[in-house]
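Here is structure.pdb, consisting of PDB, C-alpha atoms, pLDDT in the B column:
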ATOM      1  CA  GLY D   1     -10.083 -18.194 -96.260  1.00 89.00           C
ATOM      2  CA  PHE D   2     -13.544 -16.697 -96.367  1.00 91.00           C
ATOM      3  CA  CYS D   3     -15.132 -14.029 -98.560  1.00 93.00           C
ATOM      4  CA  GLU D   4     -18.636 -12.593 -98.417  1.00 94.00           C
ATOM      5  CA  MET D   5     -19.744  -9.691-100.552  1.00 93.00           C
ATOM      6  CA  PRO D   6     -22.717  -8.222-102.360  1.00 93.00           C
ATOM      7  CA  VAL D   7     -22.303  -8.222-106.131  1.00 93.00           C
ATOM      8  CA  SER D   8     -25.315  -5.950-106.556  1.00 94.00           C
ATOM      9  CA  GLU D   9     -28.428  -5.013-104.627  1.00 94.00           C
ATOM     10  CA  TYR D  10     -29.987  -8.370-105.574  1.00 95.00           C
ATOM     11  CA  ILE D  11     -26.990 -10.712-105.950  1.00 96.00           C
ATOM     12  CA  HIS D  12     -24.811 -11.957-103.087  1.00 96.00           C
ATOM     13  CA  PHE D  13     -21.593 -14.022-103.253  1.00 96.00           C
ATOM     14  CA  THR D  14     -19.942 -16.146-100.546  1.00 96.00           C
ATOM     15  CA  GLY D  15     -16.827 -18.266-100.916  1.00 96.00           C
ATOM     16  CA  HIS D  16     -14.563 -20.148 -98.569  1.00 94.00           C
ATOM     17  CA  GLY D  17     -11.786 -22.670 -98.832  1.00 95.00           C
ATOM     18  CA  GLY D  18      -8.836 -24.283 -97.166  1.00 94.00           C
ATOM     19  CA  TYR D  19      -6.747 -27.425 -96.951  1.00 92.00           C
ATOM     20  CA  SER D  20      -7.650 -30.655 -95.075  1.00 83.00           C
ATOM     21  CA  VAL D  21      -5.588 -33.687 -94.128  1.00 80.00           C
ATOM     22  CA  TYR D  22      -7.270 -36.897 -92.899  1.00 71.00           C
ATOM     23  CA  SER D  23      -5.126 -39.782 -91.754  1.00 70.00           C
ATOM     24  CA  THR D  24      -6.777 -42.969 -90.483  1.00 63.00           C
ATOM     25  CA  GLN D  25      -5.141 -45.974 -88.920  1.00 65.00           C
ATOM     26  CA  SER D  26      -6.545 -49.285 -87.677  1.00 63.00           C
ATOM     27  CA  SER D  27      -4.951 -52.200 -85.871  1.00 62.00           C
ATOM     28  CA  GLY D  28      -5.465 -55.940 -85.707  1.00 60.00           C
ATOM     29  CA  LEU D  29      -5.716 -58.510 -88.487  1.00 59.00           C
ATOM     30  CA  LEU D  30      -7.063 -56.087 -91.063  1.00 55.00           C
ATOM     31  CA  ALA D  31      -4.730 -53.237 -90.209  1.00 53.00           C
ATOM     32  CA  ALA D  32      -4.915 -50.532 -92.812  1.00 58.00           C
ATOM     33  CA  ARG D  33      -3.976 -46.898 -93.171  1.00 60.00           C
ATOM     34  CA  TYR D  34      -5.638 -44.353 -95.418  1.00 61.00           C
ATOM     35  CA  ASP D  35      -4.475 -40.816 -96.021  1.00 67.00           C
ATOM     36  CA  LEU D  36      -6.358 -38.166 -97.936  1.00 70.00           C
ATOM     37  CA  SER D  37      -5.536 -34.533 -98.222  1.00 78.00           C
ATOM     38  CA  GLY D  38      -6.549 -31.747-100.493  1.00 84.00           C
ATOM     39  CA  ILE D  39      -8.201 -28.431-101.003  1.00 89.00           C
ATOM     40  CA  TYR D  40     -11.801 -27.900 -99.915  1.00 92.00           C
ATOM     41  CA  ALA D  41     -13.879 -25.028-101.224  1.00 96.00           C
ATOM     42  CA  GLN D  42     -17.449 -23.830-101.533  1.00 96.00           C
ATOM     43  CA  LEU D  43     -18.903 -21.042-103.653  1.00 96.00           C
ATOM     44  CA  ASP D  44     -22.451 -19.731-103.131  1.00 97.00           C
ATOM     45  CA  LEU D  45     -24.307 -17.296-105.347  1.00 97.00           C
ATOM     46  CA  GLY D  46     -27.667 -15.977-104.155  1.00 97.00           C
ATOM     47  CA  HIS D  47     -30.115 -13.965-106.241  1.00 97.00           C
ATOM     48  CA  ARG D  48     -33.223 -12.202-104.931  1.00 97.00           C
ATOM     49  CA  ILE D  49     -35.508 -11.740-107.914  1.00 96.00           C
ATOM     50  CA  ASN D  50     -38.200  -9.859-105.978  1.00 95.00           C
ATOM     51  CA  LYS D  51     -39.838  -9.985-102.541  1.00 93.00           C
ATOM     52  CA  TYR D  52     -41.586 -13.234-103.498  1.00 95.00           C
ATOM     53  CA  VAL D  53     -38.791 -15.289-105.097  1.00 96.00           C
ATOM     54  CA  ASP D  54     -35.111 -15.867-104.368  1.00 97.00           C
ATOM     55  CA  HIS D  55     -32.789 -18.660-105.416  1.00 97.00           C
ATOM     56  CA  SER D  56     -29.217 -19.781-104.871  1.00 97.00           C
ATOM     57  CA  LEU D  57     -26.627 -22.008-106.463  1.00 98.00           C
ATOM     58  CA  SER D  58     -23.763 -23.529-104.502  1.00 97.00           C
ATOM     59  CA  GLY D  59     -21.007 -25.930-105.371  1.00 97.00           C
ATOM     60  CA  GLY D  60     -17.707 -27.144-104.127  1.00 97.00           C
ATOM     61  CA  ARG D  61     -15.530 -29.897-102.791  1.00 95.00           C
ATOM     62  CA  THR D  62     -15.259 -31.349 -99.286  1.00 91.00           C
ATOM     63  CA  ILE D  63     -13.029 -33.968 -97.736  1.00 85.00           C
ATOM     64  CA  SER D  64     -14.384 -35.568 -94.583  1.00 81.00           C
ATOM     65  CA  ALA D  65     -14.090 -38.562 -92.290  1.00 73.00           C
ATOM     66  CA  THR D  66     -16.881 -41.155 -92.209  1.00 66.00           C
ATOM     67  CA  LEU D  67     -18.361 -42.980 -89.256  1.00 65.00           C
ATOM     68  CA  GLY D  68     -16.713 -46.225 -90.407  1.00 63.00           C
ATOM     69  CA  GLY D  69     -13.259 -44.646 -90.222  1.00 58.00           C
ATOM     70  CA  GLY D  70     -12.706 -43.985 -93.922  1.00 67.00           C
ATOM     71  CA  THR D  71     -12.627 -40.692 -95.771  1.00 78.00           C
ATOM     72  CA  VAL D  72     -14.844 -39.258 -98.496  1.00 83.00           C
ATOM     73  CA  ASP D  73     -13.731 -36.916-101.259  1.00 87.00           C
ATOM     74  CA  ARG D  74     -16.981 -35.240-102.408  1.00 91.00           C
ATOM     75  CA  TYR D  75     -17.856 -32.742-105.164  1.00 96.00           C
ATOM     76  CA  PHE D  76     -21.343 -31.223-105.007  1.00 97.00           C
ATOM     77  CA  ALA D  77     -23.763 -28.748-106.587  1.00 98.00           C
ATOM     78  CA  HIS D  78     -27.062 -27.570-105.081  1.00 98.00           C
ATOM     79  CA  TRP D  79     -29.764 -25.285-106.454  1.00 98.00           C
ATOM     80  CA  ARG D  80     -32.488 -23.965-104.161  1.00 97.00           C
ATOM     81  CA  ALA D  81     -35.427 -21.598-104.679  1.00 97.00           C
ATOM     82  CA  ASN D  82     -37.801 -20.046-102.149  1.00 96.00           C
ATOM     83  CA  TRP D  83     -41.264 -19.080-103.376  1.00 96.00           C
ATOM     84  CA  ARG D  84     -43.333 -16.872-101.064  1.00 94.00           C
ATOM     85  CA  VAL D  85     -46.599 -17.476-102.868  1.00 85.00           C
ATOM     86  CA  LEU D  86     -49.014 -17.701 -99.920  1.00 88.00           C
ATOM     87  CA  ARG D  87     -49.228 -15.441 -96.898  1.00 88.00           C
ATOM     88  CA  LYS D  88     -46.685 -16.642 -94.273  1.00 91.00           C
ATOM     89  CA  ILE D  89     -45.990 -19.877 -96.195  1.00 95.00           C
ATOM     90  CA  THR D  90     -42.824 -20.433 -98.230  1.00 95.00           C
ATOM     91  CA  LEU D  91     -42.502 -23.182-100.822  1.00 96.00           C
ATOM     92  CA  ASN D  92     -38.885 -24.362-101.038  1.00 97.00           C
ATOM     93  CA  THR D  93     -37.708 -26.320-104.087  1.00 98.00           C
ATOM     94  CA  GLY D  94     -34.302 -27.572-105.073  1.00 97.00           C
ATOM     95  CA  PHE D  95     -32.078 -30.120-106.695  1.00 98.00           C
ATOM     96  CA  SER D  96     -28.813 -31.640-105.422  1.00 97.00           C
ATOM     97  CA  TYR D  97     -26.015 -33.541-107.132  1.00 98.00           C
ATOM     98  CA  GLU D  98     -22.935 -35.056-105.567  1.00 97.00           C
ATOM     99  CA  HIS D  99     -20.044 -37.165-106.846  1.00 97.00           C
ATOM    100  CA  GLY D 100     -17.868 -38.832-104.279  1.00 93.00           C
ATOM    101  CA  SER D 101     -15.122 -41.343-103.657  1.00 90.00           C
ATOM    102  CA  GLN D 102     -15.068 -43.324-100.421  1.00 83.00           C
ATOM    103  CA  LEU D 103     -11.652 -44.645 -99.465  1.00 72.00           C
ATOM    104  CA  TYR D 104     -11.700 -47.900 -97.544  1.00 68.00           C
ATOM    105  CA  THR D 105     -10.785 -51.481 -98.383  1.00 59.00           C
ATOM    106  CA  GLY D 106     -11.929 -51.752-101.997  1.00 67.00           C
ATOM    107  CA  GLY D 107     -13.032 -48.118-102.265  1.00 81.00           C
ATOM    108  CA  GLU D 108     -16.194 -46.880-103.954  1.00 88.00           C
ATOM    109  CA  THR D 109     -17.130 -44.096-106.349  1.00 93.00           C
ATOM    110  CA  TYR D 110     -20.739 -42.912-106.324  1.00 95.00           C
ATOM    111  CA  ASP D 111     -23.127 -40.333-107.749  1.00 97.00           C
ATOM    112  CA  GLN D 112     -26.158 -39.150-105.807  1.00 96.00           C
ATOM    113  CA  TYR D 113     -28.820 -36.741-107.014  1.00 97.00           C
ATOM    114  CA  GLY D 114     -32.411 -35.781-106.560  1.00 97.00           C
ATOM    115  CA  PRO D 115     -35.079 -33.133-105.979  1.00 98.00           C
ATOM    116  CA  VAL D 116     -36.365 -31.626-102.735  1.00 97.00           C
ATOM    117  CA  ILE D 117     -39.579 -29.782-101.934  1.00 97.00           C
ATOM    118  CA  SER D 118     -40.843 -28.388 -98.634  1.00 97.00           C
ATOM    119  CA  LEU D 119     -43.269 -25.947 -97.051  1.00 96.00           C
ATOM    120  CA  SER D 120     -42.229 -23.718 -94.167  1.00 96.00           C
ATOM    121  CA  ARG D 121     -44.183 -21.325 -91.998  1.00 95.00           C
ATOM    122  CA  PRO D 122     -43.499 -19.214 -88.909  1.00 94.00           C
ATOM    123  CA  ILE D 123     -45.601 -20.318 -85.925  1.00 95.00           C
ATOM    124  CA  THR D 124     -44.518 -17.625 -83.456  1.00 95.00           C
ATOM    125  CA  ALA D 125     -41.879 -14.887 -83.566  1.00 93.00           C
ATOM    126  CA  LYS D 126     -39.157 -17.435 -82.667  1.00 95.00           C
ATOM    127  CA  LEU D 127     -40.660 -20.795 -83.697  1.00 96.00           C
ATOM    128  CA  SER D 128     -41.157 -22.063 -87.246  1.00 96.00           C
ATOM    129  CA  GLY D 129     -42.192 -25.355 -88.789  1.00 96.00           C
ATOM    130  CA  ASN D 130     -41.196 -27.224 -91.942  1.00 96.00           C
ATOM    131  CA  LEU D 131     -42.669 -30.197 -93.823  1.00 97.00           C
ATOM    132  CA  GLY D 132     -40.418 -31.616 -96.529  1.00 97.00           C
ATOM    133  CA  TYR D 133     -39.921 -34.374 -99.062  1.00 98.00           C
ATOM    134  CA  ARG D 134     -36.655 -35.436-100.729  1.00 97.00           C
ATOM    135  CA  PHE D 135     -35.906 -38.190-103.213  1.00 97.00           C
ATOM    136  CA  TYR D 136     -32.376 -39.528-103.808  1.00 94.00           C
ATOM    137  CA  TRP D 137     -31.046 -41.723-106.581  1.00 97.00           C
ATOM    138  CA  ARG D 138     -27.625 -43.187-105.842  1.00 96.00           C
ATOM    139  CA  THR D 139     -25.427 -45.080-108.278  1.00 96.00           C
ATOM    140  CA  SER D 140     -22.179 -46.822-107.431  1.00 95.00           C
ATOM    141  CA  ASP D 141     -19.304 -48.498-109.220  1.00 94.00           C
ATOM    142  CA  LYS D 142     -19.735 -51.433-106.784  1.00 92.00           C
ATOM    143  CA  PRO D 143     -22.360 -54.072-107.625  1.00 92.00           C
ATOM    144  CA  GLY D 144     -25.445 -54.073-105.418  1.00 92.00           C
ATOM    145  CA  ARG D 145     -24.819 -50.605-103.938  1.00 91.00           C
ATOM    146  CA  ASP D 146     -27.234 -48.606-106.141  1.00 95.00           C
ATOM    147  CA  TYR D 147     -30.417 -47.455-104.432  1.00 96.00           C
ATOM    148  CA  SER D 148     -33.136 -44.839-104.263  1.00 97.00           C
ATOM    149  CA  VAL D 149     -34.691 -43.440-101.090  1.00 96.00           C
ATOM    150  CA  ASN D 150     -37.674 -41.285-100.128  1.00 97.00           C
ATOM    151  CA  VAL D 151     -37.236 -38.957 -97.136  1.00 97.00           C
ATOM    152  CA  VAL D 152     -40.180 -37.211 -95.482  1.00 98.00           C
ATOM    153  CA  SER D 153     -39.323 -34.738 -92.735  1.00 97.00           C
ATOM    154  CA  LEU D 154     -41.184 -32.623 -90.213  1.00 97.00           C
ATOM    155  CA  GLY D 155     -39.209 -30.059 -88.289  1.00 97.00           C
ATOM    156  CA  LEU D 156     -39.694 -27.398 -85.647  1.00 96.00           C
ATOM    157  CA  TYR D 157     -37.017 -24.694 -85.406  1.00 95.00           C
ATOM    158  CA  TYR D 158     -36.554 -22.308 -82.504  1.00 96.00           C
ATOM    159  CA  ALA D 159     -34.378 -19.186 -82.713  1.00 93.00           C
ATOM    160  CA  PHE D 160     -32.849 -18.110 -79.393  1.00 92.00           C
TER     161      PHE D 160
END
Give the structure from the file, written as structure tokens.
Amino acid sequence: GFCEMPVSEYIHFTGHGGYSVYSTQSSGLLAARYDLSGIYAQLDLGHRINKYVDHSLSGGRTISATLGGGTVDRYFAHWRANWRVLRKITLNTGFSYEHGSQLYTGGETYDQYGPVISLSRPITAKLSGNLGYRFYWRTSDKPGRDYSVNVVSLGLYYAF
């Protein structure tokens, strides 16, 4: 299901959800089978404060397959704000949190969180650029799997 509606002139709500079933199977010496099913959902609430500032809060649950063949049951919350403080330049700030369980031999439960900041600017009518920085802290219930990471990104986006 999907729902999108304005709550007021300045507040917008979006929600969607459904049911997923992931079933993995391997063969050979370490043959294993993992099944995971459940409800997925996401709720988003956006608020435009004025023409210079808007922010949004989203949260939900996803169930997805991983590259290694396992499945991940993930709960998340994200806050994002856009600050149009300079002409044609938008400062984007945010914070993300996620709690997940990876199902594979031994399993793992983790928490990951951290801030994000970026600058974006239109270059032409259809091309825009973005320079960003994100920092993640990740903790795990498995020894030796905690880490932190810095991510610097530069992107060009073209709208067709």
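Here CA of Trp137 (chain D) is placed at a distance of 20.7 Å from CA of Ala81 (chain D).
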Tell me which protein, DNA and RNA residues are within 8 Å of Gly94 (chain D), counting all atoms listed in the file, leaving out same-chain ones fewer than 3 positions away, and put them as a PyMOL selection string. chain D and resi 78-81+115-117
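Distances to His55 (chain D) were evaluated for D:Leu119, D:Leu91, D:Val21, D:Val72 using all atoms listed in the file, and the minimum falls at D:Leu91.
Here CA of Gly132 (chain D) and CA of Gly46 (chain D) stand 21.6 Å from one another.
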I would like the residues chosen by the PyMOL selection byres ((chain D and resi 83) around 10) on the shown file; could you give them as a PDB file with C-alpha atoms, in the coordinates of the input?
ATOM      1  CA  LYS D  51     -39.838  -9.985-102.541  1.00 93.00           C
ATOM      2  CA  TYR D  52     -41.586 -13.234-103.498  1.00 95.00           C
ATOM      3  CA  VAL D  53     -38.791 -15.289-105.097  1.00 96.00           C
ATOM      4  CA  ASP D  54     -35.111 -15.867-104.368  1.00 97.00           C
ATOM      5  CA  HIS D  55     -32.789 -18.660-105.416  1.00 97.00           C
ATOM      6  CA  ALA D  81     -35.427 -21.598-104.679  1.00 97.00           C
ATOM      7  CA  ASN D  82     -37.801 -20.046-102.149  1.00 96.00           C
ATOM      8  CA  ARG D  84     -43.333 -16.872-101.064  1.00 94.00           C
ATOM      9  CA  VAL D  85     -46.599 -17.476-102.868  1.00 85.00           C
ATOM     10  CA  LEU D  86     -49.014 -17.701 -99.920  1.00 88.00           C
ATOM     11  CA  ILE D  89     -45.990 -19.877 -96.195  1.00 95.00           C
ATOM     12  CA  THR D  90     -42.824 -20.433 -98.230  1.00 95.00           C
ATOM     13  CA  LEU D  91     -42.502 -23.182-100.822  1.00 96.00           C
ATOM     14  CA  ASN D  92     -38.885 -24.362-101.038  1.00 97.00           C
ATOM     15  CA  THR D  93     -37.708 -26.320-104.087  1.00 98.00           C
ATOM     16  CA  LEU D 119     -43.269 -25.947 -97.051  1.00 96.00           C
TER      17      LEU D 119
END
So which residues get picked by the PyMOL selection byres ((chain D and resi 111) around 6) here, written as a PyMOL selection string? chain D and resi 98-99+110+112+138-139
Hey, what comes out of the PyMOL selection byres ((chain D and resi 6-18) around 9) on this file? Could you write it as a list of chain:residue names? D:Gly1, D:Phe2, D:Cys3, D:Glu4, D:Met5, D:Tyr19, D:Ser20, D:Gly38, D:Ile39, D:Tyr40, D:Ala41, D:Gln42, D:Leu43, D:Asp44, D:Leu45, D:Gly46, D:His47, D:Arg48, D:Ile49, D:Asn50
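We find CA of Phe135 (chain D) and CA of Lys88 (chain D) to be spaced 25.7 Å apart.
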